[in-house]
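Here is the structure we will look at, set down as structure tokens.
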Amino acid sequence: MSPQDKSVSILLIYTGGTIGMIENQETGALEAFDFQHLQKRIPELKELGCHIVCEQFDPPMDSSDMGPDSWMKIVRLIAENYHAYDGFVILHGTDTMAFTASALSFMLENLDKPVILTGSQLPIGMLRTDGKENLITAIEIAAAKENGQPAVPEVCIFFENNLLRGNRTTKTSADNFKAFYSYNYPLLGQAGISIKYDRAAIYRPVSRRLLKPHYLLDRNVAILKLFPGIPPQVVESILHIPDLKGVVMETFGSGNAPSESWFINQVKEAVDRGIVVVNVTQCQAGNVEMHRYETGRRLLEAGVISGFDSTTECAVTKLMFLLGHGLSLPEIKEHLNCSLIGEVTIPSGLPR
């Protein structure tokens, strides 16, 4: 993109979060400011040269309140404005940003334009804010083109100089500016003096098709995080939640779990009742290999499905997405055993 390329248009969607807060001079409290006046607050945006239009959630939402309804609202905004803009930037609170990015990657089928989520650890009105640089660079990435095509046509998170695939990312720090990391997939780009892209890592659609927005999500999922000495009643209570359809089970190491018969039997009974159980590791990096150890093999025999190297955030939203579309259990398992949009790495020739 040329710095003076006024033909490039970006839709900025402000959902809420720390980045949009400004201190009330009278009370000292942090309040959301009107992003329609964004360029007055950040005059540097004019130097980007692109046309920026703002849409704002009313009222702005704390990221702890974001969920399926909010994701649908974002998808609808993007779908309704898809042909009018070259890229989209979503300002979002950091706490659940990885969940939203993962969900959007599934809900925006055939996406071939950038959707960049960003935010900040300090409000944009504060002197040392990281929000200004995050926002400016996110807009620059959303507007970037190579040979007339979007440079990054996928859902991403940009934070503290790093461009990350949205469905591969997790929040790793509550107070550092470098708050997000992608442990199992390389950076898509880095911002320094210039923005350098890893073109081989960027997801590109095989063919250009019309955007197909999805709004069907099933919330009847749960996370079961294992820990040494976990009581049977804890496992039983989670696996017997009324209307439960899917469970993301956070296991040890490469997908291991207690080998006691009570645990294996409860998991098998849940699978036999039609509950989809997906195995992801509690480790920050690495993947699930249930064939590797006996404890993992017992889960495999009980009908647990490997989450491979998926983040918990991605596994949860992928389950919501698949369950929401009324697929049969074999169809859901088939989709979980493949990468839909670059969200997992499927090892070749390994048992699943």
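Scheme for the structure tokens: letters A, B, ... for chains in order shown; per-chain residue numbers from 1; ligand numbers from 1 in order shown.
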
With the cut-off set at 12 Å and counting only C-alpha atoms, tabulate each residue of stretch 179-297 of chain A with an atom at most that distance from an atom of stretch 79-92 of chain A, showing the nearest atom pair and its distance in Å to one decimal, ordered by chain and increasing number, as a Markdown table.
```
| residue | atom | partner | partner_atom | distance |
| --- | --- | --- | --- | --- |
| A:Leu210 | CA | A:Tyr82 | CA | 10.0 |
| A:Leu211 | CA | A:Ala79 | CA | 7.4 |
| A:Lys212 | CA | A:Ala79 | CA | 8.2 |
| A:Pro213 | CA | A:Ala79 | CA | 6.5 |
| A:His214 | CA | A:Ala79 | CA | 9.7 |
| A:Tyr215 | CA | A:Ala79 | CA | 11.1 |
```

Write down as a ChimeraX atom specification the residues of stretch 211-244 of chain A whose backbone DSSP state falls under strand (DSSP E). /A:212-213,221-225

Preceding selection exported with N, CA, C and O atoms as a short mmCIF file (atom, residue, chain, number, x, y, z; two decimals), in the first residue's frame:
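Wrote out-v1.cif, looks like this:
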```
data_model
loop_
_atom_site.label_atom_id
_atom_site.label_comp_id
_atom_site.auth_asym_id
_atom_site.auth_seq_id
_atom_site.Cartn_x
_atom_site.Cartn_y
_atom_site.Cartn_z
N LYS A 212 -18.79 -16.71 3.14
CA LYS A 212 -19.94 -17.42 3.68
C LYS A 212 -19.94 -17.27 5.20
O LYS A 212 -19.27 -18.01 5.91
N PRO A 213 -20.68 -16.28 5.71
CA PRO A 213 -20.71 -16.08 7.16
C PRO A 213 -21.56 -17.14 7.86
O PRO A 213 -22.58 -17.58 7.32
N VAL A 221 -20.89 -26.85 25.62
CA VAL A 221 -19.57 -27.44 25.73
C VAL A 221 -18.98 -27.07 27.08
O VAL A 221 -19.40 -26.10 27.72
N ALA A 222 -17.99 -27.83 27.51
CA ALA A 222 -17.34 -27.58 28.80
C ALA A 222 -15.86 -27.90 28.69
O ALA A 222 -15.44 -28.62 27.77
N ILE A 223 -15.08 -27.35 29.62
CA ILE A 223 -13.66 -27.66 29.72
C ILE A 223 -13.44 -28.47 30.99
O ILE A 223 -13.89 -28.09 32.07
N LEU A 224 -12.78 -29.60 30.83
CA LEU A 224 -12.42 -30.45 31.96
C LEU A 224 -10.90 -30.45 32.08
O LEU A 224 -10.21 -31.07 31.29
N LYS A 225 -10.40 -29.69 33.05
CA LYS A 225 -8.95 -29.61 33.26
C LYS A 225 -8.55 -30.61 34.34
O LYS A 225 -9.01 -30.53 35.48
#
```

8 Å contact set for stretch 317-320 of chain A, only C-alpha atoms, chain neighbours under 3 positions out, as an MDAnalysis selection string: chainID A and resid 99 102:103 106 217:221 246 313:314 323:324

A:Ile346 surroundings by only C-alpha atoms, 10 Å radius, close-in-sequence under 5 positions cut, as a compact mmCIF listing (two decimals) with C-alpha atoms, in the first residue's frame:
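Output below, filename selection27.txt:
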```
# COMPACT_ATOMS: atom_id res chain seq x y z
CA ASN A 287 0.81 -31.81 20.73
CA SER A 306 -7.14 -36.00 19.56
CA GLY A 307 -6.93 -32.21 19.54
CA PHE A 308 -3.39 -32.48 18.14
CA ASP A 309 -1.62 -29.16 18.79
CA ASN A 337 -9.39 -34.92 12.56
CA CYS A 338 -8.52 -32.36 9.92
CA SER A 339 -7.46 -28.74 9.72
CA ARG A 352 -5.89 -40.65 15.78
```

Going by DSSP on the backbone, which bits of stretch 137-219 of chain A are alpha helix (DSSP H)? Write them as a VMD selection string, please. chain A and resid 137 to 143

For the selection just defined, write its residues with all heavy atoms to a file, as a compact mmCIF listing (two decimals), in the first residue's frame.
```
# COMPACT_ATOMS: atom_id res chain seq x y z
N THR A 137 -0.34 -0.08 13.56
CA THR A 137 0.26 -1.16 12.79
C THR A 137 -0.79 -2.16 12.33
O THR A 137 -0.71 -2.69 11.21
CB THR A 137 1.34 -1.88 13.61
OG1 THR A 137 2.24 -0.92 14.15
CG2 THR A 137 2.13 -2.86 12.74
N ALA A 138 -1.81 -2.42 13.16
CA ALA A 138 -2.88 -3.32 12.75
C ALA A 138 -3.60 -2.78 11.51
O ALA A 138 -3.94 -3.54 10.58
CB ALA A 138 -3.87 -3.53 13.89
N ILE A 139 -3.84 -1.47 11.50
CA ILE A 139 -4.48 -0.86 10.33
C ILE A 139 -3.58 -0.97 9.11
O ILE A 139 -4.04 -1.28 8.00
CB ILE A 139 -4.85 0.61 10.63
CG1 ILE A 139 -5.96 0.67 11.67
CG2 ILE A 139 -5.28 1.33 9.35
CD1 ILE A 139 -6.28 2.07 12.16
N GLU A 140 -2.29 -0.73 9.30
CA GLU A 140 -1.35 -0.83 8.19
C GLU A 140 -1.33 -2.25 7.61
O GLU A 140 -1.29 -2.44 6.39
CB GLU A 140 0.04 -0.42 8.64
CG GLU A 140 1.05 -0.30 7.50
CD GLU A 140 2.37 0.28 7.94
OE1 GLU A 140 2.49 0.70 9.12
OE2 GLU A 140 3.30 0.31 7.11
N ILE A 141 -1.38 -3.25 8.48
CA ILE A 141 -1.39 -4.65 8.02
C ILE A 141 -2.70 -4.96 7.29
O ILE A 141 -2.70 -5.62 6.25
CB ILE A 141 -1.19 -5.61 9.21
CG1 ILE A 141 0.24 -5.47 9.76
CG2 ILE A 141 -1.46 -7.06 8.81
CD1 ILE A 141 0.45 -6.18 11.08
N ALA A 142 -3.81 -4.48 7.84
CA ALA A 142 -5.11 -4.73 7.20
C ALA A 142 -5.19 -4.10 5.83
O ALA A 142 -5.93 -4.57 4.95
CB ALA A 142 -6.23 -4.21 8.10
N ALA A 143 -4.45 -3.01 5.63
CA ALA A 143 -4.48 -2.30 4.35
C ALA A 143 -3.43 -2.78 3.36
O ALA A 143 -3.50 -2.45 2.17
CB ALA A 143 -4.29 -0.80 4.60
```

Write out as a PyMOL selection string each polymer residue whose atoms come within 10 Å of A:Leu117, counting only C-alpha atoms; drop sequence neighbours fewer than 5 positions from it. chain A and resi 12-14+88-94+97-98+100-101+134-135+138-139+142+155-159+163-164+166

Since we have the selection now, will you write its residues out, keeping N, CA and C atoms, as a PDB file, in the first residue's frame?
```pdb
ATOM      1  N   LEU A  12     -12.999  -0.194  11.010  1.00  0.00           N
ATOM      2  CA  LEU A  12     -12.511  -0.386  12.364  1.00  0.00           C
ATOM      3  C   LEU A  12     -13.706  -0.668  13.269  1.00  0.00           C
ATOM      4  N   ILE A  13     -13.702  -1.830  13.915  1.00  0.00           N
ATOM      5  CA  ILE A  13     -14.803  -2.234  14.788  1.00  0.00           C
ATOM      6  C   ILE A  13     -14.320  -2.204  16.232  1.00  0.00           C
ATOM      7  N   TYR A  14     -14.845  -1.264  17.001  1.00  0.00           N
ATOM      8  CA  TYR A  14     -14.467  -1.158  18.403  1.00  0.00           C
ATOM      9  C   TYR A  14     -15.505  -1.878  19.250  1.00  0.00           C
ATOM     10  N   PHE A  88     -10.301  -5.305   7.759  1.00  0.00           N
ATOM     11  CA  PHE A  88     -11.063  -5.053   8.981  1.00  0.00           C
ATOM     12  C   PHE A  88     -10.137  -5.137  10.188  1.00  0.00           C
ATOM     13  N   VAL A  89     -10.281  -4.181  11.084  1.00  0.00           N
ATOM     14  CA  VAL A  89      -9.524  -4.181  12.337  1.00  0.00           C
ATOM     15  C   VAL A  89     -10.521  -4.193  13.483  1.00  0.00           C
ATOM     16  N   ILE A  90     -10.355  -5.138  14.398  1.00  0.00           N
ATOM     17  CA  ILE A  90     -11.268  -5.280  15.530  1.00  0.00           C
ATOM     18  C   ILE A  90     -10.518  -4.934  16.805  1.00  0.00           C
ATOM     19  N   LEU A  91     -10.992  -3.909  17.502  1.00  0.00           N
ATOM     20  CA  LEU A  91     -10.413  -3.540  18.787  1.00  0.00           C
ATOM     21  C   LEU A  91     -11.164  -4.289  19.880  1.00  0.00           C
ATOM     22  N   HIS A  92     -10.424  -5.013  20.699  1.00  0.00           N
ATOM     23  CA  HIS A  92     -11.019  -6.025  21.573  1.00  0.00           C
ATOM     24  C   HIS A  92     -10.226  -6.085  22.866  1.00  0.00           C
ATOM     25  N   GLY A  93     -10.890  -6.343  23.970  1.00  0.00           N
ATOM     26  CA  GLY A  93     -10.185  -6.589  25.224  1.00  0.00           C
ATOM     27  C   GLY A  93      -9.299  -7.813  25.105  1.00  0.00           C
ATOM     28  N   THR A  94      -8.208  -7.816  25.850  1.00  0.00           N
ATOM     29  CA  THR A  94      -7.214  -8.874  25.673  1.00  0.00           C
ATOM     30  C   THR A  94      -7.608 -10.212  26.295  1.00  0.00           C
ATOM     31  N   MET A  97      -9.566 -12.328  23.747  1.00  0.00           N
ATOM     32  CA  MET A  97      -9.294 -12.057  22.338  1.00  0.00           C
ATOM     33  C   MET A  97      -8.996 -13.337  21.551  1.00  0.00           C
ATOM     34  N   ALA A  98      -8.263 -14.276  22.157  1.00  0.00           N
ATOM     35  CA  ALA A  98      -7.913 -15.514  21.455  1.00  0.00           C
ATOM     36  C   ALA A  98      -9.153 -16.364  21.173  1.00  0.00           C
ATOM     37  N   THR A 100     -12.216 -15.104  20.618  1.00  0.00           N
ATOM     38  CA  THR A 100     -12.914 -14.429  19.531  1.00  0.00           C
ATOM     39  C   THR A 100     -12.220 -14.660  18.201  1.00  0.00           C
ATOM     40  N   ALA A 101     -10.893 -14.552  18.188  1.00  0.00           N
ATOM     41  CA  ALA A 101     -10.143 -14.759  16.950  1.00  0.00           C
ATOM     42  C   ALA A 101     -10.339 -16.181  16.428  1.00  0.00           C
ATOM     43  N   ASN A 134      -0.081  -0.483  18.516  1.00  0.00           N
ATOM     44  CA  ASN A 134      -0.816  -1.681  18.100  1.00  0.00           C
ATOM     45  C   ASN A 134      -1.882  -1.337  17.075  1.00  0.00           C
ATOM     46  N   LEU A 135      -2.611  -0.259  17.322  1.00  0.00           N
ATOM     47  CA  LEU A 135      -3.693   0.134  16.420  1.00  0.00           C
ATOM     48  C   LEU A 135      -3.166   0.589  15.066  1.00  0.00           C
ATOM     49  N   ALA A 138      -1.807  -2.416  13.160  1.00  0.00           N
ATOM     50  CA  ALA A 138      -2.884  -3.324  12.747  1.00  0.00           C
ATOM     51  C   ALA A 138      -3.603  -2.785  11.511  1.00  0.00           C
ATOM     52  N   ILE A 139      -3.839  -1.469  11.496  1.00  0.00           N
ATOM     53  CA  ILE A 139      -4.484  -0.862  10.331  1.00  0.00           C
ATOM     54  C   ILE A 139      -3.583  -0.966   9.106  1.00  0.00           C
ATOM     55  N   ALA A 142      -3.813  -4.479   7.838  1.00  0.00           N
ATOM     56  CA  ALA A 142      -5.109  -4.734   7.202  1.00  0.00           C
ATOM     57  C   ALA A 142      -5.191  -4.096   5.826  1.00  0.00           C
ATOM     58  N   VAL A 155      -7.767 -14.370   9.643  1.00  0.00           N
ATOM     59  CA  VAL A 155      -8.035 -13.765  10.951  1.00  0.00           C
ATOM     60  C   VAL A 155      -6.762 -13.837  11.788  1.00  0.00           C
ATOM     61  N   CYS A 156      -6.279 -12.692  12.228  1.00  0.00           N
ATOM     62  CA  CYS A 156      -5.018 -12.615  12.962  1.00  0.00           C
ATOM     63  C   CYS A 156      -5.170 -11.800  14.238  1.00  0.00           C
ATOM     64  N   ILE A 157      -4.183 -11.944  15.094  1.00  0.00           N
ATOM     65  CA  ILE A 157      -4.016 -11.062  16.243  1.00  0.00           C
ATOM     66  C   ILE A 157      -2.691 -10.335  16.054  1.00  0.00           C
ATOM     67  N   PHE A 158      -2.724  -9.021  16.178  1.00  0.00           N
ATOM     68  CA  PHE A 158      -1.471  -8.255  16.181  1.00  0.00           C
ATOM     69  C   PHE A 158      -1.295  -7.644  17.557  1.00  0.00           C
ATOM     70  N   PHE A 159      -0.130  -7.895  18.133  1.00  0.00           N
ATOM     71  CA  PHE A 159       0.126  -7.391  19.484  1.00  0.00           C
ATOM     72  C   PHE A 159       1.630  -7.287  19.692  1.00  0.00           C
ATOM     73  N   LEU A 163       2.624 -10.466  14.564  1.00  0.00           N
ATOM     74  CA  LEU A 163       1.397 -10.837  13.863  1.00  0.00           C
ATOM     75  C   LEU A 163       1.227 -12.340  13.981  1.00  0.00           C
ATOM     76  N   LEU A 164       0.113 -12.782  14.573  1.00  0.00           N
ATOM     77  CA  LEU A 164      -0.103 -14.186  14.905  1.00  0.00           C
ATOM     78  C   LEU A 164      -1.388 -14.695  14.261  1.00  0.00           C
ATOM     79  N   GLY A 166      -4.820 -16.108  14.371  1.00  0.00           N
ATOM     80  CA  GLY A 166      -5.766 -15.976  15.467  1.00  0.00           C
ATOM     81  C   GLY A 166      -6.103 -17.267  16.168  1.00  0.00           C
TER      82      GLY A 166
END
```

Of A:Ile241, A:Ala29, A:Val152, A:Ile275, the one nearest to A:Ser328 when counting only C-alpha atoms is A:Ile275

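Straight-line separation from atom CA of A:Ser259 to atom CA of A:Pro228: 11.6 Å.
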
Go through A:Thr118, A:Arg165, A:Asp272, A:Lys132 one by one, measure the shortest atom-to-atom distance of each to A:Pro43 using only C-alpha atoms, and give the residue with the smallest value. A:Lys132
